[in-house]
Amino acid sequence: MDLDLVKWVGASGREHEFWVYRLNQSFDEIAAVFLFVKVIDSATSEIVYVNQTNRMDLVGSNPIADEIINDYKPTEMHILINNELSERKGLMADILLKYNPVGNRRS
């Protein structure tokens with residue numbers, strides 16, 4: 001596990017703290033909101049995709065995740081662990097409204 005903690009501010013103005021992981025990180029069966037993030041330079045990062053799941057251990061084997069990684073070349077994954085589905089959905093919506101990630105605009 002990588003130990004960096006980063007904050008993303010949602011459309012609500014609320015700060016959300018995410019742990020930074022490698023893209024190929026394997027996980028246990030945990031529930032979380034996850035971001036695929038592309039680091040542009042030391043001061044700039046861009047969220048390319050946001051989603052939530054109750055099974056982080058399955059994200060790496062998801063074909064949509066593979067497409068997002070291949071198409072938009074994120075460099076890391078940010079994870080906020082949360083067991084409550086309604087909270088995960090609210091947090092995801094907050095991030096989506098502010099950043100409108102390119103991977104979430106796919107049809």
# chains A, B, ... in the order shown; residues from 1 in each chain; ligands from 1

$ select_by_dssp --residues "chain A" --states "alpha helix (DSSP H)" --output "compact mmCIF listing (two decimals) with C-alpha atoms, in the first residue's frame"
# COMPACT_ATOMS: atom_id res chain seq x y z
CA PRO A 63 -13.48 -4.64 -18.58
CA ILE A 64 -14.71 -1.04 -18.19
CA ALA A 65 -11.78 -0.30 -15.90
CA ASP A 66 -9.44 -1.76 -18.52
CA GLU A 67 -10.96 0.48 -21.21
CA ILE A 68 -10.62 3.58 -19.02
CA ILE A 69 -6.98 2.75 -18.29
CA ASN A 70 -6.18 2.05 -21.95
CA ASP A 71 -8.02 5.11 -23.30
CA TYR A 72 -7.15 7.80 -20.72
CA LEU A 85 -23.78 2.67 -0.17
CA SER A 86 -25.77 5.90 0.16
CA GLU A 87 -22.67 7.78 1.36
CA ARG A 88 -20.56 6.34 -1.48
CA LYS A 89 -23.17 7.39 -4.05
CA GLY A 90 -23.37 10.90 -2.57
CA LEU A 91 -19.61 11.29 -2.54
CA MET A 92 -19.36 9.99 -6.11
CA ALA A 93 -22.03 12.49 -7.24
CA ASP A 94 -20.18 15.32 -5.47
CA ILE A 95 -16.95 14.49 -7.35
CA LEU A 96 -18.78 13.95 -10.67
CA LEU A 97 -20.51 17.33 -10.49
CA LYS A 98 -17.28 19.22 -9.87
CA TYR A 99 -14.82 17.41 -12.17

$ atom_distance --atom1 "CA of Ile30 (chain A)" --atom2 "CA of His78 (chain A)"
13.9 Å

$ atom_distance --atom1 "CA of Ala31 (chain A)" --atom2 "CA of Thr44 (chain A)"
27.3 Å

$ closest_residue --among "A:Gln25, A:Ala43, A:Glu15, A:Met77" --to "Asp57 (chain A)" --atoms "only C-alpha atoms"
A:Gln25

$ select_by_dssp --residues "region 18-85 of chain A" --states "strand (DSSP E or B)" --output "MDAnalysis selection string"
chainID A and resid 18:21 32:41 44:53 76:81

$ write_last_selection --atoms "N, CA and C atoms" --output "compact mmCIF listing (two decimals), in the first residue's frame"
# COMPACT_ATOMS: atom_id res chain seq x y z
N PHE A 18 -8.62 10.85 0.15
CA PHE A 18 -8.42 9.58 -0.54
C PHE A 18 -6.98 9.11 -0.33
N TRP A 19 -6.83 7.79 -0.19
CA TRP A 19 -5.49 7.18 -0.17
C TRP A 19 -5.05 6.93 -1.60
N VAL A 20 -3.77 7.08 -1.87
CA VAL A 20 -3.21 6.90 -3.20
C VAL A 20 -2.62 5.49 -3.33
N TYR A 21 -2.98 4.82 -4.42
CA TYR A 21 -2.51 3.47 -4.70
C TYR A 21 -2.01 3.37 -6.13
N ALA A 32 -15.71 0.99 -1.39
CA ALA A 32 -15.01 2.27 -1.51
C ALA A 32 -15.49 3.06 -2.72
N VAL A 33 -15.17 4.35 -2.70
CA VAL A 33 -15.24 5.19 -3.88
C VAL A 33 -13.83 5.21 -4.43
N PHE A 34 -13.70 5.05 -5.75
CA PHE A 34 -12.36 5.07 -6.33
C PHE A 34 -12.29 6.03 -7.50
N LEU A 35 -11.13 6.63 -7.64
CA LEU A 35 -10.85 7.56 -8.73
C LEU A 35 -9.66 7.03 -9.52
N PHE A 36 -9.74 7.08 -10.85
CA PHE A 36 -8.56 6.89 -11.68
C PHE A 36 -8.04 8.30 -11.95
N VAL A 37 -6.79 8.54 -11.60
CA VAL A 37 -6.21 9.88 -11.65
C VAL A 37 -4.98 9.88 -12.53
N LYS A 38 -4.86 10.91 -13.35
CA LYS A 38 -3.69 11.10 -14.19
C LYS A 38 -2.89 12.26 -13.61
N VAL A 39 -1.67 11.98 -13.19
CA VAL A 39 -0.79 13.02 -12.67
C VAL A 39 -0.13 13.68 -13.87
N ILE A 40 -0.36 14.98 -14.01
CA ILE A 40 0.19 15.74 -15.13
C ILE A 40 1.60 16.22 -14.79
N ASP A 41 1.75 16.83 -13.63
CA ASP A 41 3.05 17.25 -13.11
C ASP A 41 2.95 17.30 -11.59
N THR A 44 -0.23 19.25 -10.61
CA THR A 44 -1.49 19.07 -11.34
C THR A 44 -1.85 17.61 -11.51
N SER A 45 -3.06 17.27 -11.09
CA SER A 45 -3.62 15.93 -11.32
C SER A 45 -5.03 16.10 -11.87
N GLU A 46 -5.47 15.10 -12.64
CA GLU A 46 -6.78 15.16 -13.26
C GLU A 46 -7.51 13.85 -12.99
N ILE A 47 -8.75 13.94 -12.51
CA ILE A 47 -9.57 12.74 -12.34
C ILE A 47 -10.09 12.36 -13.71
N VAL A 48 -9.82 11.12 -14.15
CA VAL A 48 -10.31 10.68 -15.45
C VAL A 48 -11.53 9.75 -15.31
N TYR A 49 -11.78 9.24 -14.09
CA TYR A 49 -12.93 8.35 -13.89
C TYR A 49 -13.21 8.25 -12.39
N VAL A 50 -14.48 8.24 -12.04
CA VAL A 50 -14.89 8.02 -10.65
C VAL A 50 -16.00 6.98 -10.63
N ASN A 51 -15.94 6.11 -9.62
CA ASN A 51 -16.99 5.12 -9.44
C ASN A 51 -16.97 4.67 -7.99
N GLN A 52 -17.93 3.83 -7.63
CA GLN A 52 -17.98 3.26 -6.29
C GLN A 52 -18.26 1.78 -6.43
N THR A 53 -17.87 1.03 -5.43
CA THR A 53 -18.08 -0.41 -5.46
C THR A 53 -18.13 -0.96 -4.04
N GLU A 76 -2.51 6.63 -11.40
CA GLU A 76 -2.70 6.11 -10.05
C GLU A 76 -4.20 6.01 -9.73
N MET A 77 -4.49 5.34 -8.62
CA MET A 77 -5.87 5.17 -8.17
C MET A 77 -5.98 5.80 -6.78
N HIS A 78 -7.06 6.54 -6.55
CA HIS A 78 -7.32 7.12 -5.24
C HIS A 78 -8.55 6.44 -4.67
N ILE A 79 -8.46 6.02 -3.40
CA ILE A 79 -9.49 5.21 -2.76
C ILE A 79 -9.97 5.88 -1.47
N LEU A 80 -11.29 5.95 -1.31
CA LEU A 80 -11.89 6.37 -0.04
C LEU A 80 -12.78 5.22 0.42
N ILE A 81 -12.36 4.54 1.46
CA ILE A 81 -13.08 3.37 1.96
C ILE A 81 -14.32 3.83 2.72

$ closest_residue --among "A:Asn62, A:His16, A:Arg22, A:Arg105" --to "Asn82 (chain A)" --atoms "only C-alpha atoms"
A:His16

$ decode --residues "region 15-32 of chain A" --atoms "N, CA and C atoms" --output "mmCIF file, in the first residue's frame"
data_model
loop_
_atom_site.group_PDB
_atom_site.id
_atom_site.type_symbol
_atom_site.label_atom_id
_atom_site.label_comp_id
_atom_site.auth_asym_id
_atom_site.auth_seq_id
_atom_site.Cartn_x
_atom_site.Cartn_y
_atom_site.Cartn_z
ATOM 1 N N GLU A 15 -14.349 18.686 1.484
ATOM 2 C CA GLU A 15 -13.103 17.980 1.186
ATOM 3 C C GLU A 15 -13.273 16.491 1.460
ATOM 4 N N HIS A 16 -12.771 15.687 0.542
ATOM 5 C CA HIS A 16 -12.803 14.228 0.686
ATOM 6 C C HIS A 16 -11.361 13.737 0.644
ATOM 7 N N GLU A 17 -10.969 12.936 1.619
ATOM 8 C CA GLU A 17 -9.602 12.419 1.686
ATOM 9 C C GLU A 17 -9.527 11.013 1.089
ATOM 10 N N PHE A 18 -8.618 10.849 0.154
ATOM 11 C CA PHE A 18 -8.416 9.582 -0.542
ATOM 12 C C PHE A 18 -6.976 9.108 -0.334
ATOM 13 N N TRP A 19 -6.826 7.791 -0.194
ATOM 14 C CA TRP A 19 -5.493 7.184 -0.167
ATOM 15 C C TRP A 19 -5.051 6.925 -1.602
ATOM 16 N N VAL A 20 -3.768 7.084 -1.866
ATOM 17 C CA VAL A 20 -3.206 6.899 -3.203
ATOM 18 C C VAL A 20 -2.619 5.492 -3.325
ATOM 19 N N TYR A 21 -2.985 4.824 -4.419
ATOM 20 C CA TYR A 21 -2.507 3.470 -4.696
ATOM 21 C C TYR A 21 -2.012 3.374 -6.134
ATOM 22 N N ARG A 22 -1.209 2.358 -6.391
ATOM 23 C CA ARG A 22 -0.811 2.036 -7.763
ATOM 24 C C ARG A 22 -2.026 1.499 -8.509
ATOM 25 N N LEU A 23 -2.038 1.641 -9.815
ATOM 26 C CA LEU A 23 -3.154 1.127 -10.618
ATOM 27 C C LEU A 23 -3.284 -0.389 -10.527
ATOM 28 N N ASN A 24 -2.188 -1.087 -10.410
ATOM 29 C CA ASN A 24 -2.223 -2.549 -10.388
ATOM 30 C C ASN A 24 -2.327 -3.121 -8.978
ATOM 31 N N GLN A 25 -2.664 -2.284 -8.014
ATOM 32 C CA GLN A 25 -2.793 -2.714 -6.620
ATOM 33 C C GLN A 25 -3.903 -3.751 -6.490
ATOM 34 N N SER A 26 -3.667 -4.799 -5.731
ATOM 35 C CA SER A 26 -4.745 -5.743 -5.443
ATOM 36 C C SER A 26 -5.348 -5.361 -4.086
ATOM 37 N N PHE A 27 -6.637 -5.617 -3.954
ATOM 38 C CA PHE A 27 -7.363 -5.213 -2.754
ATOM 39 C C PHE A 27 -8.109 -6.390 -2.157
ATOM 40 N N ASP A 28 -8.461 -6.244 -0.895
ATOM 41 C CA ASP A 28 -9.368 -7.179 -0.247
ATOM 42 C C ASP A 28 -10.792 -6.798 -0.653
ATOM 43 N N GLU A 29 -11.738 -7.531 -0.151
ATOM 44 C CA GLU A 29 -13.146 -7.272 -0.439
ATOM 45 C C GLU A 29 -13.620 -6.108 0.440
ATOM 46 N N ILE A 30 -13.331 -4.879 -0.024
ATOM 47 C CA ILE A 30 -13.726 -3.682 0.717
ATOM 48 C C ILE A 30 -14.621 -2.808 -0.157
ATOM 49 N N ALA A 31 -15.422 -1.990 0.487
ATOM 50 C CA ALA A 31 -16.298 -1.047 -0.210
ATOM 51 C C ALA A 31 -15.613 0.317 -0.241
ATOM 52 N N ALA A 32 -15.706 0.994 -1.388
ATOM 53 C CA ALA A 32 -15.005 2.274 -1.509
ATOM 54 C C ALA A 32 -15.493 3.064 -2.716
#
